[in-house]
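final_0.cif (mmCIF, C-alpha atoms)
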```cif
data_target
#
loop_
_atom_site.label_atom_id
_atom_site.label_comp_id
_atom_site.auth_asym_id
_atom_site.auth_seq_id
_atom_site.Cartn_x
_atom_site.Cartn_y
_atom_site.Cartn_z
CA MET A 1 -27.27 -42.75 -28.84
CA PRO A 2 -26.53 -42.53 -32.58
CA HIS A 3 -23.45 -44.57 -33.46
CA GLY A 4 -21.91 -41.76 -35.52
CA ASP A 5 -22.09 -39.26 -32.66
CA ARG A 6 -19.69 -41.04 -30.30
CA GLY A 7 -16.73 -39.12 -31.70
CA ARG A 8 -18.30 -35.67 -31.18
CA ARG A 9 -16.82 -33.73 -28.28
CA VAL A 10 -19.23 -32.60 -25.60
CA HIS A 11 -18.50 -29.15 -24.16
CA LEU A 12 -19.61 -28.85 -20.52
CA ASP A 13 -17.26 -26.05 -19.45
CA THR A 14 -19.15 -22.93 -20.45
CA ALA A 15 -18.34 -21.39 -17.05
CA GLY A 16 -14.68 -21.54 -18.06
CA LEU A 17 -14.98 -20.63 -21.73
CA GLY A 18 -18.15 -20.75 -23.78
CA ARG A 19 -18.22 -22.12 -27.32
CA MET A 20 -18.21 -19.07 -29.55
CA PRO A 21 -21.06 -19.01 -32.09
CA ALA A 22 -19.99 -19.42 -35.70
CA ALA A 23 -21.04 -15.86 -36.56
CA ALA A 24 -18.94 -14.41 -33.74
CA ARG A 25 -15.91 -16.51 -34.64
CA ALA A 26 -16.20 -15.42 -38.26
CA GLN A 27 -16.25 -11.76 -37.24
CA LEU A 28 -13.25 -12.24 -34.96
CA THR A 29 -11.30 -13.88 -37.78
CA GLU A 30 -12.31 -11.33 -40.41
CA TRP A 31 -11.46 -8.23 -38.38
CA THR A 32 -8.25 -9.70 -37.01
CA ARG A 33 -7.12 -10.27 -40.58
CA HIS A 34 -8.32 -6.80 -41.56
CA GLU A 35 -6.24 -5.25 -38.78
CA ASP A 36 -3.22 -7.29 -39.84
CA ARG A 37 -3.51 -6.08 -43.44
CA HIS A 38 -4.63 -2.48 -42.98
CA GLY A 39 -3.60 -1.54 -39.45
CA PRO A 40 -5.74 -0.81 -36.38
CA TYR A 41 -7.23 2.55 -37.40
CA GLU A 42 -9.90 1.23 -39.76
CA VAL A 43 -10.93 -1.35 -37.18
CA ASP A 44 -11.11 1.31 -34.48
CA GLU A 45 -13.29 3.52 -36.69
CA HIS A 46 -15.60 0.59 -37.45
CA VAL A 47 -15.88 -0.23 -33.76
CA HIS A 48 -16.48 3.40 -32.76
CA HIS A 49 -19.05 4.29 -35.42
CA VAL A 50 -20.82 0.99 -36.09
CA VAL A 51 -20.18 -1.64 -33.43
CA ARG A 52 -20.24 0.31 -30.18
CA PRO A 53 -23.72 1.81 -30.64
CA GLU A 54 -25.08 -1.68 -31.35
CA LEU A 55 -23.12 -3.28 -28.51
CA ASP A 56 -24.11 -0.60 -25.98
CA ALA A 57 -27.77 -1.13 -26.86
CA ARG A 58 -27.44 -4.91 -26.56
CA LEU A 59 -25.64 -4.70 -23.23
CA ALA A 60 -28.24 -2.27 -21.88
CA ALA A 61 -31.05 -4.64 -22.89
CA LEU A 62 -29.18 -7.65 -21.49
CA LEU A 63 -28.51 -6.02 -18.12
CA GLY A 64 -31.71 -4.04 -17.72
CA ALA A 65 -29.65 -0.85 -17.62
CA PRO A 66 -30.12 2.55 -19.25
CA ALA A 67 -28.27 2.97 -22.52
CA GLY A 68 -24.92 4.64 -22.02
CA ASP A 69 -24.38 3.39 -18.45
CA THR A 70 -22.15 0.48 -19.46
CA VAL A 71 -18.42 0.49 -20.16
CA LEU A 72 -16.21 -2.14 -21.74
CA ALA A 73 -13.28 -3.73 -19.91
CA THR A 74 -10.85 -6.57 -20.44
CA GLY A 75 -12.81 -8.54 -17.84
CA ALA A 76 -15.09 -8.24 -14.83
CA ALA A 77 -12.22 -8.58 -12.37
CA ASP A 78 -10.23 -5.88 -14.18
CA ALA A 79 -13.18 -3.48 -14.09
CA PHE A 80 -13.70 -4.12 -10.37
CA ALA A 81 -9.98 -3.66 -9.69
CA ALA A 82 -9.91 -0.37 -11.60
CA LEU A 83 -13.03 1.21 -10.10
CA VAL A 84 -13.46 0.05 -6.49
CA PRO A 85 -10.08 1.28 -5.16
CA ARG A 86 -11.07 4.81 -6.22
CA LEU A 87 -13.87 4.95 -3.65
CA ALA A 88 -13.24 7.43 -0.83
CA LEU A 89 -13.64 5.17 2.19
CA GLY A 90 -12.30 5.93 5.65
CA PRO A 91 -11.72 4.46 9.13
CA GLY A 92 -15.36 4.70 10.12
CA ASP A 93 -16.60 2.68 7.16
CA ARG A 94 -17.41 -1.01 6.85
CA ILE A 95 -17.23 -3.23 3.77
CA TRP A 96 -19.34 -6.37 3.52
CA THR A 97 -18.36 -9.34 1.43
CA THR A 98 -19.52 -12.97 1.45
CA PRO A 99 -17.89 -16.40 1.75
CA TYR A 100 -18.54 -16.83 -1.99
CA GLU A 101 -16.45 -13.81 -3.03
CA GLY A 102 -13.97 -14.54 -5.80
CA VAL A 103 -10.26 -14.25 -5.12
CA ALA A 104 -9.65 -11.36 -7.52
CA ASN A 105 -12.32 -9.12 -5.97
CA LEU A 106 -11.34 -10.21 -2.48
CA THR A 107 -7.77 -9.10 -3.16
CA VAL A 108 -9.05 -5.66 -4.17
CA LEU A 109 -11.28 -5.38 -1.10
CA THR A 110 -8.46 -6.39 1.22
CA ALA A 111 -6.14 -3.77 -0.27
CA LEU A 112 -8.89 -1.14 0.05
CA ARG A 113 -9.39 -2.10 3.69
CA ASP A 114 -5.68 -1.72 4.38
CA ARG A 115 -5.44 1.63 2.61
CA ALA A 116 -8.61 3.17 4.03
CA ARG A 117 -8.20 1.56 7.49
CA CYS A 118 -11.82 0.50 7.39
CA ARG A 119 -13.33 -2.84 8.39
CA LEU A 120 -13.96 -5.77 6.05
CA GLU A 121 -16.61 -8.18 7.29
CA VAL A 122 -17.99 -11.48 6.03
CA VAL A 123 -21.75 -11.93 5.93
CA PRO A 124 -22.55 -15.30 7.57
CA LEU A 125 -24.21 -18.27 5.94
CA ARG A 126 -27.28 -20.11 7.08
CA PRO A 127 -26.84 -23.82 7.86
CA ASP A 128 -28.14 -24.65 4.35
CA GLY A 129 -25.45 -22.50 2.71
CA ASP A 130 -27.58 -19.51 1.76
CA LEU A 131 -26.52 -16.03 2.85
CA ASP A 132 -28.16 -15.00 6.10
CA LEU A 133 -30.43 -12.20 4.90
CA GLU A 134 -31.94 -11.78 8.35
CA TRP A 135 -28.48 -11.04 9.70
CA MET A 136 -27.94 -8.49 6.94
CA ALA A 137 -31.24 -6.76 7.69
CA ALA A 138 -30.44 -6.65 11.40
CA HIS A 139 -26.88 -5.34 11.05
CA ILE A 140 -27.08 -2.93 8.10
CA ASP A 141 -26.36 0.66 9.05
CA ASP A 142 -25.07 3.78 7.37
CA ASP A 143 -21.51 2.93 8.32
CA VAL A 144 -21.66 0.11 5.74
CA ALA A 145 -20.17 1.84 2.72
CA LEU A 146 -19.78 -1.01 0.24
CA VAL A 147 -21.36 -4.46 -0.20
CA SER A 148 -19.82 -6.87 -2.71
CA VAL A 149 -21.71 -10.02 -3.73
CA ALA A 150 -21.18 -12.72 -6.34
CA HIS A 151 -24.45 -13.53 -8.13
CA VAL A 152 -23.06 -17.02 -8.85
CA PRO A 153 -19.62 -17.93 -7.46
CA ALA A 154 -16.85 -19.60 -9.43
CA GLY A 155 -16.74 -22.74 -7.31
CA CYS A 156 -20.34 -23.97 -7.15
CA GLY A 157 -23.80 -23.43 -8.58
CA ILE A 158 -25.54 -21.53 -5.78
CA VAL A 159 -27.60 -18.54 -6.93
CA THR A 160 -27.38 -15.62 -4.54
CA PRO A 161 -30.68 -13.70 -4.07
CA VAL A 162 -29.19 -10.44 -5.31
CA GLU A 163 -32.56 -8.72 -5.69
CA ASP A 164 -33.54 -9.49 -2.08
CA ILE A 165 -30.18 -8.13 -0.94
CA GLY A 166 -30.76 -4.99 -3.00
CA ARG A 167 -34.05 -4.36 -1.22
CA ILE A 168 -32.34 -4.68 2.18
CA LEU A 169 -29.61 -2.23 1.19
CA ALA A 170 -31.78 0.28 -0.69
CA PRO A 171 -32.68 2.57 2.26
CA HIS A 172 -29.04 2.96 3.24
CA ARG A 173 -26.15 4.93 1.80
CA CYS A 174 -23.93 1.95 0.85
CA LEU A 175 -22.86 1.16 -2.70
CA TYR A 176 -23.82 -2.31 -3.90
CA ALA A 177 -21.54 -4.25 -6.28
CA VAL A 178 -22.58 -7.49 -7.98
CA ASP A 179 -20.24 -9.82 -9.84
CA ALA A 180 -22.40 -11.39 -12.55
CA SER A 181 -19.56 -13.13 -14.40
CA TYR A 182 -21.00 -16.63 -13.94
CA ALA A 183 -24.64 -15.54 -14.06
CA VAL A 184 -25.11 -13.32 -17.10
CA GLY A 185 -26.01 -15.40 -20.13
CA GLN A 186 -27.50 -18.27 -18.13
CA LEU A 187 -29.76 -16.39 -15.69
CA PRO A 188 -31.85 -13.22 -15.97
CA VAL A 189 -29.73 -10.28 -14.83
CA ASP A 190 -31.51 -6.96 -14.37
CA ALA A 191 -29.45 -4.21 -12.73
CA GLY A 192 -32.56 -2.10 -12.15
CA ARG A 193 -34.36 -4.87 -10.27
CA ILE A 194 -31.20 -5.80 -8.37
CA GLY A 195 -30.69 -2.20 -7.28
CA CYS A 196 -26.91 -2.35 -7.56
CA GLN A 197 -24.61 0.55 -8.42
CA LEU A 198 -21.88 -1.62 -9.99
CA LEU A 199 -22.43 -4.80 -11.99
CA THR A 200 -19.52 -6.54 -13.69
CA GLY A 201 -19.44 -9.43 -16.14
CA ASP A 202 -17.26 -11.43 -18.49
CA GLY A 203 -18.12 -11.81 -22.15
CA TRP A 204 -16.47 -15.20 -22.71
CA ARG A 205 -18.41 -17.48 -20.37
CA PHE A 206 -22.15 -17.95 -20.82
CA LEU A 207 -22.30 -15.06 -23.32
CA ARG A 208 -19.82 -17.01 -25.51
CA GLY A 209 -17.82 -14.04 -26.73
CA PRO A 210 -14.03 -13.93 -27.11
CA GLU A 211 -11.64 -13.92 -24.18
CA SER A 212 -10.46 -10.65 -22.64
CA VAL A 213 -13.71 -8.76 -23.21
CA GLY A 214 -15.89 -7.84 -20.27
CA PHE A 215 -18.10 -4.98 -19.17
CA ALA A 216 -19.41 -3.05 -16.21
CA TYR A 217 -22.64 -1.20 -15.48
CA LEU A 218 -22.12 1.99 -13.44
CA ALA A 219 -25.17 3.60 -11.87
CA PRO A 220 -25.30 7.39 -11.54
CA GLU A 221 -24.64 7.15 -7.78
CA LEU A 222 -21.39 5.31 -8.41
CA ARG A 223 -20.33 7.74 -11.14
CA GLN A 224 -20.90 10.58 -8.71
CA ALA A 225 -18.85 8.83 -6.00
CA LEU A 226 -16.03 8.26 -8.49
CA ALA A 227 -16.17 11.76 -10.00
CA PRO A 228 -12.97 13.01 -8.30
CA CYS A 229 -10.98 10.13 -9.82
CA GLY A 230 -13.04 9.46 -12.95
CA THR A 231 -14.46 6.25 -14.35
CA ALA A 232 -12.04 5.66 -17.24
CA LEU A 233 -10.54 2.18 -17.31
CA PRO A 234 -6.80 1.80 -17.89
CA ALA A 235 -7.10 -1.23 -20.22
CA LEU A 236 -9.67 -1.64 -22.97
CA PRO A 237 -10.44 -4.69 -25.12
CA GLU A 238 -9.10 -4.83 -28.67
CA GLY A 239 -11.16 -3.92 -31.71
CA ALA A 240 -11.71 -7.36 -33.25
CA SER A 241 -12.72 -8.80 -29.88
CA VAL A 242 -15.35 -6.09 -29.43
CA VAL A 243 -16.76 -6.88 -32.86
CA ALA A 244 -16.95 -10.57 -31.95
CA LEU A 245 -18.72 -9.93 -28.64
CA ASN A 246 -21.29 -7.82 -30.44
CA ALA A 247 -21.86 -10.66 -32.89
CA ALA A 248 -22.19 -13.19 -30.05
CA LEU A 249 -24.84 -11.07 -28.33
CA ALA A 250 -26.74 -10.81 -31.61
CA VAL A 251 -27.22 -14.60 -31.77
CA PRO A 252 -30.70 -15.49 -30.45
CA GLN A 253 -30.64 -17.62 -27.31
CA ASP A 254 -32.56 -20.87 -27.19
CA ALA A 255 -35.68 -20.39 -25.11
CA GLY A 256 -35.18 -23.75 -23.40
CA PRO A 257 -33.72 -23.35 -19.89
CA ALA A 258 -30.44 -25.11 -19.06
CA GLY A 259 -31.54 -25.70 -15.47
CA GLY A 260 -33.35 -28.92 -16.35
CA LEU A 261 -30.23 -30.39 -17.94
CA ALA A 262 -28.13 -29.31 -14.96
CA ALA A 263 -30.59 -31.10 -12.68
CA VAL A 264 -30.01 -34.29 -14.69
CA VAL A 265 -26.23 -33.92 -14.28
CA ARG A 266 -26.69 -33.20 -10.58
CA THR A 267 -28.72 -36.38 -10.14
CA VAL A 268 -26.09 -38.41 -11.98
CA VAL A 269 -23.42 -37.11 -9.60
CA GLN A 270 -25.54 -37.81 -6.53
CA GLU A 271 -26.08 -41.40 -7.66
CA THR A 272 -22.37 -42.00 -8.36
CA PRO A 273 -20.70 -43.98 -5.54
CA GLY A 274 -17.91 -42.00 -3.87
CA ALA A 275 -18.97 -38.64 -5.37
CA GLU A 276 -19.67 -35.60 -3.22
CA LEU A 277 -21.90 -32.93 -4.69
CA ILE A 278 -20.89 -29.40 -3.67
CA ALA A 279 -24.22 -27.61 -3.88
CA PRO A 280 -24.85 -25.26 -0.96
CA GLY A 281 -28.04 -23.23 -0.88
CA ARG A 282 -31.61 -23.79 -1.96
CA VAL A 283 -31.38 -22.46 -5.52
CA GLN A 284 -28.95 -23.89 -8.08
CA CYS A 285 -28.08 -22.90 -11.65
CA GLY A 286 -26.38 -24.55 -14.63
CA ILE A 287 -23.10 -25.17 -12.73
CA VAL A 288 -22.63 -28.53 -11.02
CA THR A 289 -19.52 -29.04 -8.87
CA PHE A 290 -18.37 -32.27 -7.28
CA ARG A 291 -15.37 -34.27 -6.21
CA HIS A 292 -14.73 -38.01 -5.88
CA ALA A 293 -13.32 -39.73 -2.81
CA GLU A 294 -10.95 -41.95 -4.82
CA MET A 295 -9.99 -39.88 -7.87
CA PRO A 296 -8.48 -36.37 -7.81
CA ALA A 297 -10.35 -33.69 -9.71
CA GLY A 298 -7.53 -33.08 -12.18
CA SER A 299 -7.23 -36.77 -13.04
CA LEU A 300 -10.99 -37.08 -13.42
CA ARG A 301 -11.16 -34.02 -15.66
CA ARG A 302 -8.42 -35.45 -17.91
CA ALA A 303 -10.10 -38.85 -17.99
CA LEU A 304 -13.37 -37.27 -19.10
CA ALA A 305 -11.56 -35.20 -21.75
CA ALA A 306 -9.93 -38.37 -23.10
CA ARG A 307 -13.46 -39.70 -23.58
CA GLY A 308 -14.62 -36.61 -25.44
CA VAL A 309 -16.31 -34.74 -22.59
CA VAL A 310 -14.84 -31.33 -21.70
CA VAL A 311 -15.45 -30.17 -18.12
CA GLY A 312 -13.67 -27.68 -15.90
CA LYS A 313 -11.88 -27.79 -12.58
CA THR A 314 -12.25 -25.38 -9.70
CA VAL A 315 -9.74 -24.96 -6.87
CA ALA A 316 -10.12 -23.76 -3.32
CA GLN A 317 -8.18 -20.56 -3.97
CA GLN A 318 -10.90 -19.29 -6.31
CA THR A 319 -13.23 -18.74 -3.35
CA PRO A 320 -10.83 -18.81 -0.38
CA LEU A 321 -13.37 -17.72 2.23
CA TYR A 322 -15.60 -20.69 1.47
CA SER A 323 -13.61 -23.66 0.18
CA PRO A 324 -10.86 -23.88 2.85
CA GLY A 325 -13.54 -24.30 5.51
CA ARG A 326 -14.71 -27.42 3.66
CA LYS A 327 -11.15 -28.78 3.37
CA ALA A 328 -11.69 -28.86 -0.40
CA THR A 329 -8.62 -28.49 -2.57
CA ALA A 330 -10.07 -29.06 -6.05
CA ALA A 331 -13.32 -30.18 -7.62
CA VAL A 332 -14.73 -30.99 -11.04
CA ARG A 333 -17.02 -28.27 -12.42
CA VAL A 334 -19.64 -29.17 -15.02
CA SER A 335 -21.46 -26.21 -16.58
CA VAL A 336 -24.24 -26.53 -19.14
CA HIS A 337 -25.45 -23.97 -21.64
CA HIS A 338 -28.70 -23.54 -23.51
CA ASP A 339 -27.12 -25.20 -26.54
CA ASN A 340 -26.31 -28.41 -24.67
CA SER A 341 -28.66 -31.35 -25.19
CA ALA A 342 -29.91 -34.43 -23.39
CA TRP A 343 -27.44 -36.38 -25.52
CA ASP A 344 -24.60 -34.36 -23.97
CA ALA A 345 -25.81 -35.31 -20.48
CA ALA A 346 -25.97 -38.96 -21.52
CA ARG A 347 -22.41 -38.81 -22.85
CA PHE A 348 -21.24 -37.25 -19.58
CA THR A 349 -22.94 -40.05 -17.63
CA GLU A 350 -21.28 -42.72 -19.75
CA ALA A 351 -17.86 -41.05 -19.68
CA LEU A 352 -18.01 -40.57 -15.90
CA ARG A 353 -18.82 -44.22 -15.38
CA GLU A 354 -16.00 -45.31 -17.71
CA ALA A 355 -13.48 -42.92 -16.12
CA LEU A 356 -14.22 -44.12 -12.60
CA ALA A 357 -14.20 -47.76 -13.66
CA GLY A 358 -10.69 -47.30 -15.07
CA ARG A 359 -9.33 -45.03 -12.34
CA GLY A 360 -6.75 -47.54 -11.15
CA ARG A 361 -5.19 -47.93 -14.60
CA GLY A 362 -4.62 -44.29 -15.59
CA ARG A 363 -1.39 -42.45 -15.07
CA GLY A 364 -1.55 -39.89 -12.26
CA CYS A 365 -4.60 -41.51 -10.65
CA HIS A 366 -4.25 -41.84 -6.92
CA ALA A 367 -6.41 -41.68 -3.86
CA VAL A 368 -7.55 -38.34 -2.55
CA PRO A 369 -5.84 -37.45 0.77
CA THR A 370 -7.83 -38.65 3.75
CA ALA A 371 -8.25 -35.03 4.94
CA VAL A 372 -10.82 -34.60 2.15
CA ARG A 373 -13.89 -36.55 3.17
CA ALA A 374 -17.19 -36.58 1.34
CA ALA A 375 -20.12 -35.00 3.12
CA PRO A 376 -23.63 -36.49 2.73
CA PRO A 377 -24.97 -35.67 -0.73
CA ALA A 378 -27.29 -32.68 -0.89
CA PRO A 379 -30.74 -32.70 -2.48
CA ALA A 380 -30.85 -31.24 -5.97
CA ALA A 381 -32.98 -28.29 -4.93
CA ALA A 382 -31.57 -27.66 -1.47
CA GLY A 383 -27.85 -28.25 -1.12
CA GLY A 384 -26.32 -28.99 2.24
CA GLY A 385 -23.60 -26.73 3.51
CA ALA A 386 -22.01 -25.29 6.61
CA VAL A 387 -21.04 -21.85 7.76
CA ALA A 388 -17.78 -21.06 6.06
CA ALA A 389 -14.72 -20.68 8.22
CA PRO A 390 -13.66 -17.02 8.34
CA ALA A 391 -10.47 -16.26 6.52
CA ALA A 392 -8.37 -13.66 4.80
CA GLY A 393 -7.73 -11.12 7.54
CA LEU A 394 -11.40 -10.29 7.90
CA ARG A 395 -13.44 -9.60 11.00
CA ALA A 396 -15.26 -12.88 11.56
CA VAL A 397 -19.03 -12.58 11.51
CA CYS A 398 -20.54 -15.96 12.39
CA ALA A 399 -24.10 -17.20 12.43
CA GLY A 400 -25.72 -18.37 15.65
CA SER A 401 -24.70 -21.83 16.86
CA ALA A 402 -25.27 -24.25 19.68
CA ALA A 403 -22.81 -22.28 21.76
CA GLY A 404 -25.19 -19.36 21.80
CA ALA A 405 -27.90 -18.50 19.34
CA GLY A 406 -27.30 -15.20 17.66
CA ALA A 407 -23.75 -14.89 18.97
CA VAL A 408 -21.38 -12.98 16.72
CA PRO A 409 -17.89 -13.85 17.95
CA ALA A 410 -14.87 -12.08 16.57
CA ALA A 411 -12.12 -14.51 15.64
CA GLY A 412 -8.61 -13.99 14.31
CA VAL A 413 -8.28 -15.03 10.71
CA PRO A 414 -5.39 -15.11 8.23
CA ARG A 415 -4.76 -12.29 5.80
CA PRO A 416 -4.69 -13.07 2.08
CA ARG A 417 -1.62 -12.19 0.07
CA ARG A 418 -0.79 -12.53 -3.59
CA THR A 419 1.78 -15.15 -4.46
CA ALA A 420 4.26 -14.46 -7.23
CA GLY A 421 3.11 -15.50 -10.66
CA ARG A 422 -0.28 -16.89 -9.54
CA ARG A 423 -3.75 -15.38 -9.57
CA HIS A 424 -4.78 -16.70 -6.16
CA LEU A 425 -4.28 -15.95 -2.50
CA ALA A 426 -2.12 -17.85 -0.05
CA LEU A 427 -3.79 -17.88 3.35
CA VAL A 428 -1.26 -17.15 6.08
CA SER A 429 -2.11 -16.79 9.76
CA ALA A 430 -1.50 -13.19 10.77
CA PRO A 431 -4.61 -12.10 12.71
CA ALA A 432 -4.88 -8.89 14.64
CA PRO A 433 -5.32 -9.32 18.40
CA ASP A 434 -9.04 -8.47 18.30
CA GLY A 435 -9.78 -10.28 15.05
CA THR A 436 -10.36 -7.08 13.09
CA ALA A 437 -8.31 -5.44 10.39
#
```

What's the structure tokens form of this structure?
Amino acid sequence: MPHGDRGRRVHLDTAGLGRMPAAARAQLTEWTRHEDRHGPYEVDEHVHHVVRPELDARLAALLGAPAGDTVLATGAADAFAALVPRLALGPGDRIWTTPYEGVANLTVLTALRDRARCRLEVVPLRPDGDLDLEWMAAHIDDDVALVSVAHVPAGCGIVTPVEDIGRILAPHRCLYAVDASYAVGQLPVDAGRIGCQLLTGDGWRFLRGPESVGFAYLAPELRQALAPCGTALPALPEGASVVALNAALAVPQDAGPAGGLAAVVRTVVQETPGAELIAPGRVQCGIVTFRHAEMPAGSLRRALAARGVVVGKTVAQQTPLYSPGRKATAAVRVSVHHDNSAWDAARFTEALREALAGRGRGRGCHAVPTAVRAAPPAPAAAGGGAVAAPAAGLRAVCAGSAAGAGAVPAAGVPRPRRTAGRRHLALVSAPAPDGTA
């Protein structure tokens, strides 16, 4: 690698916060200063008359949605939390979620279950970690009122076949919600092809906009279902942030796919002694998650940062229905973007080797508890995984096993509850006698 490049920082945490393009950062700075000097009204007028028409058109093109069917929010989770609880569900209804559901949306779904006295069920996984679409096709009925799916979860790089799920659900009356926060900007996202009625996303990850700006697509069916309560969101992003997101979406994306670079990173992890790749499912994206048997994720992330490579960390509470079943507490998350290069992957490889070689000398470095054991590494194109343990006060829906193929036992599982001051769930055992809500 060029000698002069060793001091350049490598950003491999786009899933956490993308690097804002220079044009977007300039717009954010300019309009923040303008608001400070002249007050918010001129900025609001500029956003309303100039920026929003452009941004609405860009979002519609990005999401494959009709113009005018998108709304802005302070984030995908905020939009989901504002809209989904307004649905008129009742005791005869069922909600489907998946083991890859994020904690914020799962909290909303659990509260909706408790209020509406309906059932909340977890779609099972196949042995390879993919969602069991055959189970979905066999068990879908008109009492399923809502299905919530993460296109790409926060904790690993599996790509959920959201279009296939949409085709299964299409003949039925259920509303289909897709969380595209970790997908939009790195994968094609087309709401029309997916067939969903609600699609939410964040603007600051792979779209590389500013923080606290997100969006939602609302199909006409969802707007009709929400008509008694309305679709207005209680919190809206600030003017300068909206201008910056519009500028970020205006930057042309490199045509080169990031998947090839992610495959390189995935191979590096697989070939690292003591590393466990967390890659369930047959299709992976630009997110690579792993943990090391002898170095905690937080210590490894800091060691990489000290060597100029920025990566993220994911914790079990982000996807509590999946991670606790794997006894995973934390993992390193590497996420590549179209603007990353082969040089960035080489720097990651070198930094990872150096960090692990010096793991006994760093402060805070200690062995991972023996309860966390590495599973056999998964192939790059077909990750190994197991059926997630049911959790969070949901009716357990399990895939067939050796005990009886096709059996769907109901098991008691803990209910999730918010803990003070933290955006995650604590899992506490409080199952109902029959395992249902």

Where does the PyMOL selection byres ((chain A and resi 240) around 7) land in this file, that is, which residues does it pick, as a list in words? Leu28, Trp31, Thr32, Glu238, Gly239, Ser241, Val242, Val243 and Ala244 of chain A

Can you give me, as a PyMOL selection string, the residues this file yields under the PyMOL selection byres ((chain A and resi 312) around 10)? chain A and resi 11-17+289+297-298+301-302+305+310-311+313-314+331-335

Please evaluate the PyMOL selection byres ((chain A and resi 81-87) around 9) against the displayed coordinates and give the resulting residues as a PyMOL selection string. chain A and resi 76-80+88-89+104-105+107-109+111-112+222+225-226+228-234

Please list, as number ranges by chain, the residues that have an atom at most 10 Å away from (-27.1, 3.0, -0.8) in the coordinates of this file, counting all atoms listed in the file. A: 142, 144-147, 166, 168-176, 195-197, 221-222

In terms of only C-alpha atoms, the residue from A:Arg115, A:Arg347, A:Pro280, A:Leu59 at minimal distance from Leu131 in chain A is A:Pro280

For Ser299 in chain A, which residue among A:Val152, A:Ala57, A:Leu106, A:Leu356 is the nearest when counting only C-alpha atoms?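 Comparing A:Val152, A:Ala57, A:Leu106, A:Leu356 against Ser299 in chain A, the winner is A:Leu356.
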
Could you check which of A:Arg94, A:Arg205, A:His292, A:Arg353 is closest to Ala154 in chain A, using all atoms listed in the file?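 Using all atoms listed in the file, the shortest distance to Ala154 in chain A belongs to A:Arg205.
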
Protein/DNA/RNA residues near (-27.2, -9.1, -27.8), cut 9 Å, all atoms listed in the file, as a PyMOL selection string: chain A and resi 54-55+57-59+61-62+207+245-252

Neighbouring residues of Ser181 in chain A were defined as those with any atom within 6 Å, considering only C-alpha atoms; residues of the same chain fewer than 2 positions away were excluded. Please report them as a PDB file with C-alpha atoms, in the frame of the given file.
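selection_24.pdb, freshly written:
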```pdb
ATOM      1  CA  ASP A 179     -20.240  -9.820  -9.840  1.00  0.00           C
ATOM      2  CA  ALA A 183     -24.640 -15.540 -14.060  1.00  0.00           C
ATOM      3  CA  GLY A 201     -19.440  -9.430 -16.140  1.00  0.00           C
ATOM      4  CA  ASP A 202     -17.260 -11.430 -18.490  1.00  0.00           C
TER       5      ASP A 202
END
```

Measuring between all atoms listed in the file, which one of A:Glu211, A:Glu276, A:Asp44, A:Asp69 shows the shortest distance to Arg25 in chain A?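 Checking each candidate against Arg25 in chain A, we get A:Glu211 as the closest.
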
Straight-line distance linking CA of Leu198 in chain A with CA of Pro53 in chain A, stated in Å to one decimal: 21.0 Å

Pick from A:Gly90, A:Leu125, A:Thr97, A:Pro220 nearest to Ala177 in chain A, counting all atoms listed in the file: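 Closest to Ala177 in chain A of all the choices is A:Thr97.
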
Using only C-alpha atoms for the distances, tell me which of A:Phe348, A:Trp135, A:Tyr217, A:Phe206 is nearest to Ala65 in chain A. A:Tyr217

What's the separation between CA of Val283 in chain A and CA of Val159 in chain A, in Å to one decimal place?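 Taking CA of Val283 in chain A and CA of Val159 in chain A, their separation equals 5.6 Å.
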
With all atoms listed in the file as the counted atoms, please give the residues lying no more than 8 Å from Gly214 in chain A, apart from itself and same-chain residues fewer than 6 positions off, as an MDAnalysis selection string. chainID A and resid 72:76 200:204 237

Completion of range 54-61 of chain A up to N, CA and C atoms, as a PDB file, in the coordinates of the input:
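File produced: rebuild-v6.pdb:
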```pdb
ATOM      1  N   GLU A  54     -24.316  -0.435 -31.401  1.00  0.00           N
ATOM      2  CA  GLU A  54     -25.080  -1.680 -31.350  1.00  0.00           C
ATOM      3  C   GLU A  54     -24.784  -2.433 -30.048  1.00  0.00           C
ATOM      4  N   LEU A  55     -23.510  -2.532 -29.697  1.00  0.00           N
ATOM      5  CA  LEU A  55     -23.120  -3.280 -28.510  1.00  0.00           C
ATOM      6  C   LEU A  55     -23.647  -2.615 -27.244  1.00  0.00           C
ATOM      7  N   ASP A  56     -23.583  -1.303 -27.162  1.00  0.00           N
ATOM      8  CA  ASP A  56     -24.110  -0.600 -25.980  1.00  0.00           C
ATOM      9  C   ASP A  56     -25.598  -0.867 -25.813  1.00  0.00           C
ATOM     10  N   ALA A  57     -26.336  -0.863 -26.929  1.00  0.00           N
ATOM     11  CA  ALA A  57     -27.770  -1.130 -26.860  1.00  0.00           C
ATOM     12  C   ALA A  57     -28.039  -2.569 -26.424  1.00  0.00           C
ATOM     13  N   ARG A  58     -27.246  -3.504 -26.929  1.00  0.00           N
ATOM     14  CA  ARG A  58     -27.440  -4.910 -26.560  1.00  0.00           C
ATOM     15  C   ARG A  58     -27.080  -5.165 -25.099  1.00  0.00           C
ATOM     16  N   LEU A  59     -26.001  -4.554 -24.627  1.00  0.00           N
ATOM     17  CA  LEU A  59     -25.640  -4.700 -23.230  1.00  0.00           C
ATOM     18  C   LEU A  59     -26.689  -4.087 -22.312  1.00  0.00           C
ATOM     19  N   ALA A  60     -27.204  -2.922 -22.693  1.00  0.00           N
ATOM     20  CA  ALA A  60     -28.240  -2.270 -21.880  1.00  0.00           C
ATOM     21  C   ALA A  60     -29.472  -3.157 -21.778  1.00  0.00           C
ATOM     22  N   ALA A  61     -29.885  -3.754 -22.911  1.00  0.00           N
ATOM     23  CA  ALA A  61     -31.050  -4.640 -22.890  1.00  0.00           C
ATOM     24  C   ALA A  61     -30.761  -5.905 -22.088  1.00  0.00           C
TER      25      ALA A  61
END
```
